[in-house]
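Colleague: I am sharing target_23.txt, which consists of compact mmCIF, C-alpha atoms:
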# COMPACT_ATOMS: atom_id res chain seq x y z
CA MET Z 1 -20.81 25.88 -7.25
CA GLU Z 2 -19.93 24.26 -3.91
CA ASN Z 3 -20.86 27.20 -1.68
CA SER Z 4 -24.56 26.82 -0.80
CA SER Z 5 -25.11 30.49 0.16
CA ALA Z 6 -23.53 31.56 -3.14
CA ARG Z 7 -25.65 29.03 -5.04
CA HIS Z 8 -28.82 30.36 -3.37
CA MET Z 9 -27.88 33.99 -4.05
CA TRP Z 10 -27.10 33.16 -7.69
CA GLY Z 11 -30.49 31.42 -7.97
CA ASP Z 12 -32.26 34.45 -6.52
CA PHE Z 13 -30.39 36.68 -8.98
CA LEU Z 14 -31.38 34.44 -11.93
CA ASP Z 15 -35.03 34.45 -10.79
CA ALA Z 16 -34.98 38.24 -11.13
CA HIS Z 17 -32.77 38.32 -14.27
CA LEU Z 18 -33.77 35.44 -16.53
CA GLN Z 19 -31.70 36.88 -19.40
CA TYR Z 20 -28.59 35.51 -17.64
CA ALA Z 21 -29.90 31.95 -17.23
CA PHE Z 22 -27.32 30.52 -19.66
CA VAL Z 23 -24.19 32.45 -18.67
CA ASP Z 24 -21.25 30.69 -17.05
CA PRO Z 25 -21.68 30.17 -13.32
CA PRO Z 26 -20.04 32.92 -11.28
CA LYS Z 27 -16.68 32.67 -9.58
CA VAL Z 28 -17.15 32.66 -5.79
CA LEU Z 29 -14.54 34.51 -3.74
CA HIS Z 30 -13.65 36.76 -0.86
CA PHE Z 31 -11.07 39.51 -1.12
CA CYS Z 32 -7.82 39.70 0.87
CA ASN Z 33 -5.88 37.23 3.01
CA THR Z 34 -7.19 38.10 6.49
CA GLU Z 35 -10.65 38.05 8.03
CA LEU Z 36 -10.56 41.76 8.94
CA GLU Z 37 -9.50 42.91 5.47
CA ALA Z 38 -11.80 40.46 3.65
CA ASN Z 39 -14.85 41.63 5.58
CA ARG Z 40 -13.83 45.29 5.24
CA SER Z 41 -13.44 44.87 1.46
CA THR Z 42 -16.81 43.16 1.20
CA ALA Z 43 -18.46 46.04 3.09
CA LEU Z 44 -16.85 48.48 0.64
CA VAL Z 45 -18.28 46.51 -2.29
CA LEU Z 46 -21.73 46.54 -0.66
CA ASP Z 47 -21.43 50.32 -0.25
CA GLN Z 48 -20.31 50.57 -3.91
CA ILE Z 49 -16.98 52.14 -2.92
CA LYS Z 50 -14.76 49.21 -3.91
CA LYS Z 51 -15.20 48.71 -7.65
CA ALA Z 52 -11.99 46.93 -8.67
CA THR Z 53 -9.50 44.23 -7.81
CA THR Z 54 -6.08 43.23 -9.10
CA TYR Z 55 -4.42 39.90 -9.83
CA SER Z 56 -0.84 39.11 -10.77
CA LEU Z 57 -0.81 37.56 -14.23
CA LEU Z 58 1.99 35.26 -13.11
CA GLY Z 59 -0.10 34.03 -10.17
CA LEU Z 60 -3.09 33.32 -12.41
CA GLN Z 61 -0.85 31.43 -14.84
CA HIS Z 62 0.76 29.31 -12.11
CA ARG Z 63 -2.63 28.45 -10.64
CA LYS Z 64 -3.99 27.75 -14.14
CA GLU Z 65 -6.81 30.27 -13.66
CA SER Z 66 -8.30 32.09 -16.61
CA LEU Z 67 -8.36 35.84 -17.02
CA PRO Z 68 -11.54 37.57 -15.89
CA LYS Z 69 -13.92 38.36 -18.75
CA ILE Z 70 -15.99 41.47 -19.28
CA GLY Z 71 -19.58 40.59 -18.46
CA SER Z 72 -18.71 37.70 -16.14
CA PHE Z 73 -20.20 37.52 -12.66
CA MET Z 74 -18.66 36.92 -9.23
CA VAL Z 75 -20.37 36.14 -5.95
CA ILE Z 76 -18.51 38.02 -3.23
CA THR Z 77 -18.50 36.36 0.19
CA ASN Z 78 -17.34 37.41 3.60
CA TRP Z 79 -14.38 35.61 5.23
CA GLU Z 80 -16.66 32.82 6.48
CA GLY Z 81 -17.89 32.16 2.93
CA LYS Z 82 -21.40 33.60 3.28
CA ALA Z 83 -22.50 35.23 0.02
CA GLN Z 84 -22.90 39.00 0.36
CA CYS Z 85 -23.50 40.29 -3.18
CA ILE Z 86 -23.01 39.67 -6.90
CA VAL Z 87 -20.80 41.84 -9.08
CA ARG Z 88 -20.36 41.92 -12.84
CA THR Z 89 -17.04 42.64 -14.56
CA THR Z 90 -17.11 45.89 -16.55
CA ALA Z 91 -13.44 46.20 -17.60
CA VAL Z 92 -10.26 44.12 -17.68
CA GLN Z 93 -6.84 45.58 -18.46
CA LEU Z 94 -3.35 44.10 -18.35
CA LYS Z 95 -0.72 46.62 -17.25
CA PRO Z 96 2.75 46.73 -15.73
CA PHE Z 97 2.63 47.17 -11.94
CA TYR Z 98 4.51 50.47 -12.15
CA SER Z 99 1.83 52.01 -14.41
CA ILE Z 100 -1.10 51.74 -11.99
CA THR Z 101 -2.66 55.17 -11.41
CA LYS Z 102 -4.17 56.81 -8.36
CA ASP Z 103 -7.56 56.63 -10.12
CA PHE Z 104 -7.38 52.84 -10.22
CA ALA Z 105 -6.09 52.67 -6.62
CA LEU Z 106 -9.14 54.70 -5.58
CA LYS Z 107 -11.45 52.17 -7.28
CA GLU Z 108 -9.76 49.28 -5.49
CA ALA Z 109 -10.24 51.10 -2.15
CA ILE Z 110 -7.38 49.57 -0.15
CA GLY Z 111 -6.60 51.23 3.18
CA ASP Z 112 -6.75 55.01 2.75
CA HIS Z 113 -7.42 54.50 -0.99
CA SER Z 114 -4.11 56.16 -1.98
CA LEU Z 115 -1.75 54.91 -4.67
CA GLU Z 116 1.05 54.53 -2.10
CA THR Z 117 -1.08 52.29 0.11
CA TRP Z 118 -2.27 50.32 -2.93
CA LYS Z 119 1.32 49.70 -4.05
CA LYS Z 120 2.51 48.61 -0.59
CA ALA Z 121 -0.46 46.31 0.14
CA THR Z 122 -0.58 44.82 -3.34
CA TRP Z 123 3.20 44.23 -3.40
CA GLU Z 124 2.91 42.34 -0.09
CA ARG Z 125 -0.04 40.29 -1.38
CA PHE Z 126 1.75 39.42 -4.62
CA SER Z 127 4.91 38.51 -2.67
CA GLU Z 128 2.94 35.98 -0.61
CA GLU Z 129 1.02 34.74 -3.64
CA LEU Z 130 4.16 34.10 -5.73
CA LYS Z 131 6.32 32.61 -2.96
CA PRO Z 132 5.09 29.01 -3.52
CA PHE Z 133 6.19 29.30 -7.16
CA ASN Z 134 9.66 30.63 -6.23
CA LYS Z 135 8.83 33.94 -7.91
CA VAL Z 136 8.98 37.51 -6.65
CA PRO Z 137 7.08 40.59 -7.78
CA LYS Z 138 8.79 43.14 -10.01
CA GLU Z 139 7.83 46.69 -10.94
CA SER Z 140 7.55 45.52 -14.56
CA MET Z 141 5.32 42.50 -13.83
CA ILE Z 142 1.96 42.43 -15.56
CA VAL Z 143 -1.08 42.84 -13.35
CA VAL Z 144 -4.68 42.17 -14.28
CA CYS Z 145 -6.91 45.11 -13.36
CA GLN Z 146 -10.54 44.05 -13.07
CA GLU Z 147 -13.29 46.61 -12.60
CA PHE Z 148 -16.82 45.61 -11.62
CA GLU Z 149 -20.22 46.89 -10.57
CA LYS Z 150 -22.48 45.52 -7.86
CA VAL Z 151 -25.60 44.11 -9.54
CA PHE Z 152 -27.30 42.19 -6.70
As structure tokens - that is how I would like this structure written.

Modeller:
Amino acid sequence: MENSSARHMWGDFLDAHLQYAFVDPPKVLHFCNTELEANRSTALVLDQIKKATTYSLLGLQHRKESLPKIGSFMVITNWEGKAQCIVRTTAVQLKPFYSITKDFALKEAIGDHSLETWKKATWERFSEELKPFNKVPKESMIVVCQEFEKVF
């Protein structure tokens, strides 16, 4: 783990939760592609309003990233990379983009938390994400829906 604030937070978490001493180290990340949205999303996680995120399966495959696993941990940082909290994955589902429900959109807490806003913002994010691979999003593309809970 290269991020020192994330490493320190993970160490503090392990000091209080020794049962996780041998789990895989957490992924360290911030949400969103802008400072304003990343910090807003982090605040929503801290307030336990944001409880989900979404990835395009195609993007994960092109970047050679693995699927999130139930029980895995993530250290969430602000835009500057300072660790803010630790979350643990509680559910992972693969679904076509068109099948996302308003209940899931509410858990992801983008903008006004509506399904319409979720679709627009996520479509734009996936468009940018897939551009380097000469791919474009489609309604039928598979998305990875990850739900989590704040644990530290």

Colleague: Between Z:Phe152, Z:Tyr55, Z:Phe73, Z:Trp79, single out the one closest to Z:Pro26, counting only C-alpha atoms.

Modeller: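 With only C-alpha atoms as the atom set, the closest residue is Z:Phe73.
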
Colleague: Please determine, counting all atoms listed in the file, which residue among Z:Ala105, Z:Ile70, Z:Cys32, Z:Val151 has the shortest atom-to-atom distance to Z:Phe126.

Modeller: Z:Cys32

Colleague: Please provide as a VMD selection string all residues within 8 Å of stretch 42-53 of chain Z, with the sequence filter that same-chain residues fewer than 2 positions apart are discarded (counting all atoms listed in the file).

Modeller: chain Z and resid 30 to 31 38 to 40 55 76 to 78 84 to 85 104 107 to 109 145 to 150

Colleague: Between atom CA of Z:Phe97 and atom CA of Z:Gly59, what distance in Å does the model show, to one decimal?

Modeller: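 Straight-line distance from atom CA of Z:Phe97 to atom CA of Z:Gly59 works out to 13.5 Å.
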
Colleague: As an exercise, work out the distance from atom CA of Z:Val28 to atom CA of Z:Thr90 in Å and give it to one decimal place.

Modeller: 17.1 Å

Colleague: Between atom CA of Z:Pro137 and atom CA of Z:Leu36, what distance in Å does the model show, to one decimal?

Modeller: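 Computing the Euclidean distance for atom CA of Z:Pro137 and atom CA of Z:Leu36 yields 24.3 Å.
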
Colleague: Let me make sure I understand: among Z:Tyr20, Z:Trp10, Z:Trp118, Z:Trp123, which one has the smallest atom-to-atom distance to Z:Ser56 if we use all atoms listed in the file?

Modeller: Z:Trp123

Colleague: Would you kindly return, as an MDAnalysis selection string, each protein, DNA or RNA residue with an atom no farther than 9 Å from any atom of Z:Val136, considering all atoms listed in the file and excluding same-chain residues fewer than 4 positions away?

Modeller: chainID Z and resid 126:131

Colleague: Pick out the residues sitting within 10 Å of Z:Ser5, and hand them over as a ChimeraX atom specification; count all atoms listed in the file, and ignore anything fewer than 2 positions along from it in its own chain.

Modeller: /Z:1-3,7-11,75,77,81-84

Colleague: Select, from Z:Val144, Z:Phe133, Z:Asp103, Z:Ala16, the residue with the minimum atom-to-atom distance to Z:Lys69, counting all atoms listed in the file.

Modeller: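 For Z:Lys69, the nearest of the given residues is Z:Val144.
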
Colleague: Just checking: using all atoms listed in the file, which residue out of Z:His113, Z:Asn33, Z:Met141, Z:Leu94 ends up closest to Z:Arg125?

Modeller: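 Among the listed residues, the smallest separation from Z:Arg125 belongs to Z:Asn33.
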
Colleague: Between Z:Ala6, Z:Leu58, Z:Leu29, Z:Ala21, which is the closest to Z:Asn134 once you count only C-alpha atoms?

Modeller: Z:Leu58

Colleague: Using only C-alpha atoms, which protein or nucleic acid residues come within 9 Å of Z:Lys119? Drop anything in the same chain fewer than 2 positions from it, and give the result as a PDB file with C-alpha atoms, keeping the file's coordinate frame.

Modeller:
ATOM      1  CA  PHE Z  97       2.630  47.170 -11.940  1.00  0.00           C
ATOM      2  CA  TYR Z  98       4.510  50.470 -12.150  1.00  0.00           C
ATOM      3  CA  ILE Z 100      -1.100  51.740 -11.990  1.00  0.00           C
ATOM      4  CA  ALA Z 105      -6.090  52.670  -6.620  1.00  0.00           C
ATOM      5  CA  SER Z 114      -4.110  56.160  -1.980  1.00  0.00           C
ATOM      6  CA  LEU Z 115      -1.750  54.910  -4.670  1.00  0.00           C
ATOM      7  CA  GLU Z 116       1.050  54.530  -2.100  1.00  0.00           C
ATOM      8  CA  THR Z 117      -1.080  52.290   0.110  1.00  0.00           C
ATOM      9  CA  ALA Z 121      -0.460  46.310   0.140  1.00  0.00           C
ATOM     10  CA  THR Z 122      -0.580  44.820  -3.340  1.00  0.00           C
ATOM     11  CA  TRP Z 123       3.200  44.230  -3.400  1.00  0.00           C
ATOM     12  CA  GLU Z 124       2.910  42.340  -0.090  1.00  0.00           C
TER      13      GLU Z 124
END
